[in-house]
$ cat my_file_19.cif   # mmCIF, C-alpha atoms
data_structure
loop_
_atom_site.label_atom_id
_atom_site.label_comp_id
_atom_site.auth_asym_id
_atom_site.auth_seq_id
_atom_site.Cartn_x
_atom_site.Cartn_y
_atom_site.Cartn_z
CA MET A 480 33.74 -82.34 -28.53
CA HIS A 481 30.66 -81.80 -26.41
CA LYS A 482 32.48 -79.05 -24.47
CA GLN A 483 33.53 -77.33 -27.72
CA ARG A 484 29.93 -77.36 -29.02
CA ASN A 485 28.74 -75.77 -25.78
CA ASN A 486 31.36 -73.02 -26.07
CA ILE A 487 30.26 -72.26 -29.63
CA MET A 488 26.61 -72.09 -28.54
CA ILE A 489 27.46 -69.76 -25.63
CA LYS A 490 29.54 -67.54 -27.94
CA ASN A 491 26.73 -67.35 -30.53
CA SER A 492 24.21 -66.54 -27.82
CA PHE A 493 26.42 -63.74 -26.53
CA ILE A 494 26.77 -62.26 -30.03
CA LEU A 495 22.99 -62.45 -30.54
CA LEU A 496 22.25 -60.76 -27.21
CA THR A 497 24.83 -58.04 -27.84
CA THR A 498 23.46 -57.34 -31.33
CA THR A 499 19.89 -57.22 -30.04
CA ALA A 500 20.88 -54.79 -27.28
CA LEU A 501 22.67 -52.52 -29.76
CA LEU A 502 19.68 -52.50 -32.12
CA ALA A 503 17.34 -51.67 -29.22
CA ALA A 504 19.60 -48.83 -28.12
CA CYS A 505 19.71 -47.39 -31.62
CA ALA A 506 15.95 -47.63 -31.94
CA GLY A 507 15.57 -45.91 -28.57
CA ASP A 508 17.86 -43.05 -29.64
CA GLY A 509 15.88 -42.54 -32.84
CA ASN A 510 12.57 -42.40 -31.01
CA SER A 511 13.83 -40.05 -28.27
CA ARG A 512 15.03 -37.44 -30.78
CA ARG A 513 11.66 -36.36 -32.05
CA PRO A 514 11.30 -33.22 -34.21
CA CYS A 515 10.20 -30.14 -32.30
CA THR A 516 6.51 -29.24 -32.67
CA ASN A 517 4.37 -26.57 -31.02
CA PRO A 518 7.17 -25.01 -28.93
CA PRO A 519 6.16 -23.03 -25.83
CA ALA A 520 6.40 -19.25 -25.73
CA GLY A 521 10.00 -18.09 -25.83
CA GLN A 522 11.20 -21.12 -27.80
CA TYR A 523 11.58 -21.86 -31.51
CA CYS A 524 11.76 -25.03 -33.62
CA ILE A 525 14.92 -24.99 -35.74
CA GLN A 526 14.12 -25.32 -39.45
CA THR A 527 16.17 -26.29 -42.49
CA GLY A 528 18.41 -23.39 -43.50
CA ASP A 529 18.37 -21.75 -40.07
CA THR A 530 21.55 -20.38 -38.54
CA LEU A 531 22.05 -18.65 -35.21
CA THR A 532 22.70 -15.40 -37.05
CA ARG A 533 19.48 -15.60 -39.07
CA ILE A 534 17.47 -16.55 -35.98
CA SER A 535 19.00 -13.69 -33.97
CA GLN A 536 18.04 -11.22 -36.70
CA ARG A 537 14.52 -12.64 -36.98
CA PHE A 538 13.84 -12.41 -33.25
CA ARG A 539 16.00 -9.33 -32.62
CA VAL A 540 18.36 -10.86 -30.09
CA ASN A 541 22.12 -11.26 -29.90
CA VAL A 542 23.86 -14.43 -31.09
CA ALA A 543 25.85 -14.40 -27.83
CA ASP A 544 22.59 -14.42 -25.85
CA LEU A 545 21.25 -17.36 -27.88
CA ARG A 546 24.42 -19.31 -27.17
CA ARG A 547 24.27 -18.50 -23.45
CA TRP A 548 20.55 -19.24 -23.00
CA ASN A 549 20.92 -22.59 -24.80
CA ASN A 550 24.31 -23.59 -23.34
CA LEU A 551 25.85 -23.77 -26.82
CA SER A 552 29.63 -23.98 -27.10
CA SER A 553 29.49 -23.13 -30.83
CA ASP A 554 27.09 -21.84 -33.47
CA THR A 555 26.14 -25.38 -34.53
CA ILE A 556 22.40 -26.08 -34.33
CA HIS A 557 20.28 -29.03 -35.47
CA VAL A 558 17.04 -29.09 -37.44
CA GLY A 559 14.14 -30.19 -35.25
CA ASP A 560 15.68 -29.06 -31.95
CA LYS A 561 14.11 -26.42 -29.71
CA LEU A 562 15.97 -23.16 -29.25
CA ILE A 563 15.33 -20.67 -26.47
CA ILE A 564 14.88 -17.25 -28.13
CA ARG A 565 13.85 -15.23 -25.09
CA PRO A 566 15.58 -14.95 -21.72
CA PRO A 567 14.79 -18.01 -19.59
CA TYR A 568 13.93 -15.73 -16.69
CA ASN A 569 11.70 -12.71 -16.18
CA HIS A 570 13.38 -9.43 -17.10
CA LYS A 571 10.31 -7.42 -16.21
CA ILE A 572 10.64 -5.32 -13.10
CA ALA A 573 8.22 -3.76 -10.66
CA PRO A 574 8.92 0.03 -10.36
CA ASN A 575 7.72 1.83 -7.27
CA ASN A 576 7.21 -1.57 -5.58
CA ALA A 577 3.57 -1.36 -6.67
CA GLY A 578 3.54 -4.96 -7.83
CA LYS A 579 3.04 -3.92 -11.45
CA THR A 580 5.40 -5.29 -14.07
CA PHE A 581 7.18 -2.85 -16.38
CA SER A 582 7.21 -3.36 -20.13
CA LEU A 583 7.84 -1.22 -23.20
CA HIS A 584 6.21 -0.49 -26.52
CA MET A 585 8.42 -0.19 -29.60
CA PRO A 586 9.06 3.55 -29.82
CA VAL A 587 9.05 3.67 -33.62
CA LYS A 588 7.95 1.40 -36.45
CA GLY A 589 11.03 0.01 -38.14
CA LYS A 590 13.67 -2.69 -38.23
CA ILE A 591 16.36 -3.02 -35.58
CA ILE A 592 19.64 -2.57 -37.44
CA GLN A 593 21.92 -2.26 -34.41
CA ASN A 594 21.51 -4.75 -31.58
CA TYR A 595 22.26 -3.95 -27.97
CA SER A 596 25.83 -4.43 -26.80
CA ASN A 597 28.20 -3.03 -24.20
CA THR A 598 29.43 -0.68 -26.91
CA SER A 599 26.15 0.49 -28.43
CA LYS A 600 24.39 0.84 -25.02
CA GLY A 601 21.08 0.58 -26.87
CA ILE A 602 19.51 -0.30 -30.20
CA ASP A 603 19.10 1.52 -33.52
CA ILE A 604 15.69 1.23 -35.17
CA ALA A 605 15.79 2.16 -38.86
CA ALA A 606 13.05 4.54 -39.99
CA GLU A 607 12.71 7.31 -42.56
CA ARG A 608 13.46 10.87 -41.56
CA GLY A 609 10.38 12.41 -40.01
CA THR A 610 8.85 9.12 -38.83
CA LEU A 611 6.93 9.70 -35.61
CA VAL A 612 8.54 8.54 -32.37
CA HIS A 613 6.31 7.40 -29.50
CA ALA A 614 6.84 7.16 -25.77
CA ALA A 615 7.64 3.55 -24.88
CA ALA A 616 5.78 3.82 -21.54
CA ASP A 617 4.10 6.37 -19.26
CA GLY A 618 6.49 8.85 -17.70
CA VAL A 619 7.85 12.38 -17.30
CA VAL A 620 10.31 14.11 -19.65
CA ILE A 621 13.46 14.91 -17.68
CA TYR A 622 15.60 16.07 -20.61
CA SER A 623 14.76 17.61 -23.98
CA GLY A 624 17.70 19.06 -25.88
CA SER A 625 20.86 18.54 -27.89
CA THR A 626 23.71 19.22 -25.48
CA VAL A 627 24.80 15.58 -25.02
CA PRO A 628 27.62 14.72 -27.51
CA HIS A 629 26.90 12.00 -30.11
CA TYR A 630 23.19 11.82 -29.24
CA GLY A 631 21.87 14.69 -31.38
CA LYS A 632 18.44 15.91 -30.35
CA MET A 633 17.45 13.66 -27.47
CA LEU A 634 14.66 13.04 -24.99
CA LEU A 635 14.96 11.29 -21.65
CA ILE A 636 11.78 9.99 -20.02
CA ARG A 637 11.69 8.83 -16.41
CA HIS A 638 9.18 6.05 -15.82
CA SER A 639 9.98 5.38 -12.16
CA ASN A 640 12.67 6.05 -9.59
CA THR A 641 14.77 3.33 -11.24
CA THR A 642 13.84 3.40 -14.92
CA ILE A 643 14.66 5.84 -17.76
CA THR A 644 14.36 5.57 -21.55
CA ALA A 645 16.39 7.62 -24.04
CA TYR A 646 15.35 8.62 -27.59
CA ALA A 647 18.27 10.03 -29.58
CA ASN A 648 19.12 11.33 -33.08
CA ASN A 649 15.80 13.05 -33.67
CA GLU A 650 14.88 15.65 -36.27
CA ASN A 651 12.40 17.41 -33.98
CA LEU A 652 11.52 17.12 -30.30
CA LEU A 653 7.77 17.51 -29.79
CA VAL A 654 7.48 17.52 -25.98
CA PRO A 655 9.13 19.91 -23.50
CA MET A 656 10.89 19.35 -20.21
CA ASP A 657 8.65 18.19 -17.34
CA ALA A 658 5.87 17.09 -19.71
CA ARG A 659 3.90 14.06 -18.60
CA VAL A 660 3.52 11.56 -21.42
CA LYS A 661 1.51 8.40 -21.95
CA ALA A 662 2.68 5.18 -23.59
CA GLY A 663 2.30 5.57 -27.35
CA GLN A 664 2.14 9.38 -27.26
CA ILE A 665 4.02 11.15 -30.08
CA ILE A 666 7.15 12.75 -28.67
CA ALA A 667 9.59 13.31 -31.58
CA GLU A 668 10.46 12.74 -35.24
CA VAL A 669 13.30 10.57 -36.49
CA GLY A 670 16.33 12.45 -37.78
CA ASP A 671 19.96 11.96 -38.81
CA SER A 672 21.60 9.07 -36.96
CA GLY A 673 25.16 9.77 -38.05
CA ARG A 674 25.57 6.13 -39.07
CA ARG A 675 28.31 5.25 -41.52
CA ASP A 676 25.79 3.61 -43.83
CA GLY A 677 23.83 6.87 -43.99
CA ARG A 678 20.59 5.30 -42.77
CA THR A 679 18.30 7.34 -40.54
CA ALA A 680 17.38 5.59 -37.31
CA LEU A 681 16.19 6.21 -33.79
CA HIS A 682 18.74 5.31 -31.14
CA PHE A 683 16.84 3.91 -28.14
CA GLU A 684 18.22 3.08 -24.70
CA LEU A 685 16.85 1.73 -21.43
CA ARG A 686 18.54 2.40 -18.11
CA VAL A 687 17.58 0.54 -14.94
CA ASN A 688 19.14 1.60 -11.65
CA GLY A 689 21.56 3.77 -13.63
CA LYS A 690 22.80 0.91 -15.80
CA HIS A 691 22.17 0.29 -19.49
CA VAL A 692 20.20 -2.88 -20.19
CA ASN A 693 18.88 -4.50 -23.37
CA PRO A 694 15.51 -2.84 -24.10
CA THR A 695 14.33 -5.67 -26.36
CA HIS A 696 13.94 -7.86 -23.26
CA TYR A 697 11.14 -5.55 -22.12
CA PHE A 698 9.20 -5.13 -25.36
CA LYS A 699 5.61 -6.38 -25.29
#
$ encode --input "my_file_19.cif" --output "structure tokens"
Amino acid sequence: MHKQRNNIMIKNSFILLTTTALLAACAGDGNSRRPCTNPPAGQYCIQTGDTLTRISQRFRVNVADLRRWNNLSSDTIHVGDKLIIRPPYNHKIAPNNAGKTFSLHMPVKGKIIQNYSNTSKGIDIAAERGTLVHAAADGVVIYSGSTVPHYGKMLLIRHSNTTITAYANNENLLVPMDARVKAGQIIAEVGDSGRRDGRTALHFELRVNGKHVNPTHYFK
């Protein structure tokens, strides 16, 4: 009888300890998952109603990039979590080995309606016909014409031995070949983009070492 009472006491003690441990673990999980506040530059606190698509449109990045930067296997995100919205490494480069980083200004005021991809090679920035286009950085005009198929009236500006920007689908080109331009200088006017939706837009590309790269990674 005494032995049976001891077994019952031991069993009850085990149940109590197990329950206490489980409650402590649950409390610990709740405290460790604190809502995101004051995220550092390049990160965003996920809000109610957010989706990866909406966030990508808001910050002008690709959904695929968001998934890759955040190691997401799906588009599922959770309110209160932090989301990396800018590349977790420095895309800026140092042309001419001068130790100066290279960055771009938006070439035209408008909304990005075509994100960069391997197909688009650049971005489309919607703007009304005639909107002024500006040089994205200091450089020299190496092409000014309309002989390249599917690009309409286009300018190419070389910024260094490795870096070129392209401004396509313009109404008018306002700088000639070999002209030296400064960042922000007016160089063209937006024209017909040939888009299926009929919207006028500047097609903008960045090429580094002869390869197309996403220009939004370099915008200031």
$ closest_residue --input "my_file_19.cif" --among "A:Asn597, A:Leu681, A:Ile665, A:Ala616" --to "Ser582 (chain A)" --atoms "all atoms listed in the file"
A:Ala616
$ closest_residue --input "my_file_19.cif" --among "A:Asn649, A:Asn549, A:Asn693, A:Thr626" --to "Thr679 (chain A)" --atoms "all atoms listed in the file"
A:Asn649
$ axis_aligned_box --input "my_file_19.cif" --around "region 535-550 of chain A" --padding-each-side "5 Å" --output "AutoDock Vina command-line options"
--center_x 19.8 --center_y -16.5 --center_z -30.0 --size_x 22.0 --size_y 24.3 --size_z 24.0
$ atom_distance --input "my_file_19.cif" --atom1 "CA of Tyr646 (chain A)" --atom2 "CA of Asp544 (chain A)"
24.2 Å
$ closest_residue --input "my_file_19.cif" --among "A:Gly624, A:Pro694, A:Pro519, A:Gly559" --to "Pro586 (chain A)" --atoms "all atoms listed in the file"
A:Pro694
$ closest_residue --input "my_file_19.cif" --among "A:Thr610, A:Thr641, A:Asn594, A:Asn550" --to "Gly689 (chain A)" --atoms "only C-alpha atoms"
A:Thr641
$ closest_residue --input "my_file_19.cif" --among "A:Cys515, A:Leu583, A:Ala614, A:Val620" --to "Ala658 (chain A)" --atoms "all atoms listed in the file"
A:Val620
$ closest_residue --input "my_file_19.cif" --among "A:Lys690, A:Arg546, A:Arg539, A:Arg608" --to "Arg678 (chain A)" --atoms "only C-alpha atoms"
A:Arg608
$ resolve_selection --input "my_file_19.cif" --expression "the PyMOL selection byres ((chain A and resi 662) around 8)" --output "ChimeraX atom specification"
/A:584,613-618,660-661,663-664
$ residues_around --input "my_file_19.cif" --residues "region 523-536 of chain A" --least-positions-apart "3" --cutoff "10 Å" --atoms "only C-alpha atoms" --output "PyMOL selection string"
chain A and resi 514-520+539-546+553-565+590-592+594
$ residues_around --input "my_file_19.cif" --residues "Gly631 (chain A)" --least-positions-apart "4" --cutoff "10 Å" --atoms "only C-alpha atoms" --output "PyMOL selection string"
chain A and resi 624-627+646-650+670-673+682
$ build_atoms --input "my_file_19.cif" --residues "region 645-656 of chain A" --atoms "all heavy atoms" --output "compact mmCIF listing (two decimals), keeping the file's coordinate frame"
# COMPACT_ATOMS: atom_id res chain seq x y z
N ALA A 645 15.76 6.55 -23.26
CA ALA A 645 16.39 7.62 -24.04
C ALA A 645 16.04 7.45 -25.51
O ALA A 645 16.04 6.34 -26.04
CB ALA A 645 17.91 7.59 -23.86
N TYR A 646 15.74 8.58 -26.17
CA TYR A 646 15.35 8.62 -27.59
C TYR A 646 16.27 9.62 -28.27
O TYR A 646 16.13 10.84 -28.07
CB TYR A 646 13.90 9.05 -27.74
CG TYR A 646 12.93 8.31 -26.83
CD1 TYR A 646 12.89 8.60 -25.46
CD2 TYR A 646 12.06 7.35 -27.32
CE1 TYR A 646 12.02 7.92 -24.61
CE2 TYR A 646 11.18 6.68 -26.49
CZ TYR A 646 11.16 6.96 -25.13
OH TYR A 646 10.30 6.31 -24.29
N ALA A 647 17.23 9.14 -29.05
CA ALA A 647 18.27 10.03 -29.58
C ALA A 647 18.25 10.09 -31.11
O ALA A 647 17.62 9.28 -31.78
CB ALA A 647 19.64 9.55 -29.09
N ASN A 648 18.97 11.10 -31.63
CA ASN A 648 19.12 11.33 -33.08
C ASN A 648 17.80 11.68 -33.74
O ASN A 648 17.41 11.12 -34.76
CB ASN A 648 19.75 10.11 -33.77
CG ASN A 648 21.11 9.77 -33.22
OD1 ASN A 648 21.85 10.65 -32.81
ND2 ASN A 648 21.45 8.50 -33.20
N ASN A 649 17.09 12.62 -33.14
CA ASN A 649 15.80 13.05 -33.67
C ASN A 649 15.94 14.28 -34.56
O ASN A 649 16.87 15.07 -34.42
CB ASN A 649 14.84 13.37 -32.52
CG ASN A 649 14.52 12.13 -31.69
OD1 ASN A 649 13.78 11.26 -32.12
ND2 ASN A 649 15.09 12.06 -30.50
N GLU A 650 14.97 14.46 -35.44
CA GLU A 650 14.88 15.65 -36.27
C GLU A 650 14.21 16.78 -35.50
O GLU A 650 14.66 17.92 -35.50
CB GLU A 650 14.06 15.33 -37.53
CG GLU A 650 13.88 16.50 -38.48
CD GLU A 650 15.09 16.75 -39.35
OE1 GLU A 650 16.05 15.95 -39.29
OE2 GLU A 650 15.10 17.75 -40.08
N ASN A 651 13.14 16.44 -34.80
CA ASN A 651 12.40 17.41 -33.98
C ASN A 651 11.97 16.76 -32.67
O ASN A 651 11.58 15.59 -32.65
CB ASN A 651 11.16 17.91 -34.72
CG ASN A 651 11.50 18.74 -35.94
OD1 ASN A 651 12.19 19.75 -35.84
ND2 ASN A 651 11.02 18.31 -37.10
N LEU A 652 12.01 17.55 -31.60
CA LEU A 652 11.52 17.12 -30.30
C LEU A 652 10.17 17.79 -30.09
O LEU A 652 10.05 19.01 -30.19
CB LEU A 652 12.50 17.52 -29.19
CG LEU A 652 13.94 17.01 -29.37
CD1 LEU A 652 14.83 17.52 -28.24
CD2 LEU A 652 13.97 15.49 -29.44
N LEU A 653 9.14 16.99 -29.80
CA LEU A 653 7.77 17.51 -29.79
C LEU A 653 7.17 17.62 -28.39
O LEU A 653 5.99 17.97 -28.26
CB LEU A 653 6.89 16.62 -30.67
CG LEU A 653 7.38 16.44 -32.11
CD1 LEU A 653 6.46 15.51 -32.87
CD2 LEU A 653 7.51 17.79 -32.81
N VAL A 654 7.95 17.33 -27.36
CA VAL A 654 7.48 17.52 -25.98
C VAL A 654 8.55 18.25 -25.18
O VAL A 654 9.75 18.04 -25.40
CB VAL A 654 7.14 16.17 -25.31
CG1 VAL A 654 5.87 15.57 -25.89
CG2 VAL A 654 8.30 15.17 -25.44
N PRO A 655 8.16 19.13 -24.26
CA PRO A 655 9.13 19.91 -23.50
C PRO A 655 9.54 19.21 -22.21
O PRO A 655 8.98 18.18 -21.83
CB PRO A 655 8.35 21.19 -23.19
CG PRO A 655 6.93 20.69 -23.02
CD PRO A 655 6.78 19.58 -24.02
N MET A 656 10.49 19.81 -21.53
CA MET A 656 10.89 19.35 -20.21
C MET A 656 9.68 19.32 -19.28
O MET A 656 8.79 20.17 -19.35
CB MET A 656 11.95 20.29 -19.64
CG MET A 656 13.34 20.04 -20.18
SD MET A 656 14.16 18.68 -19.31
CE MET A 656 14.37 19.40 -17.68
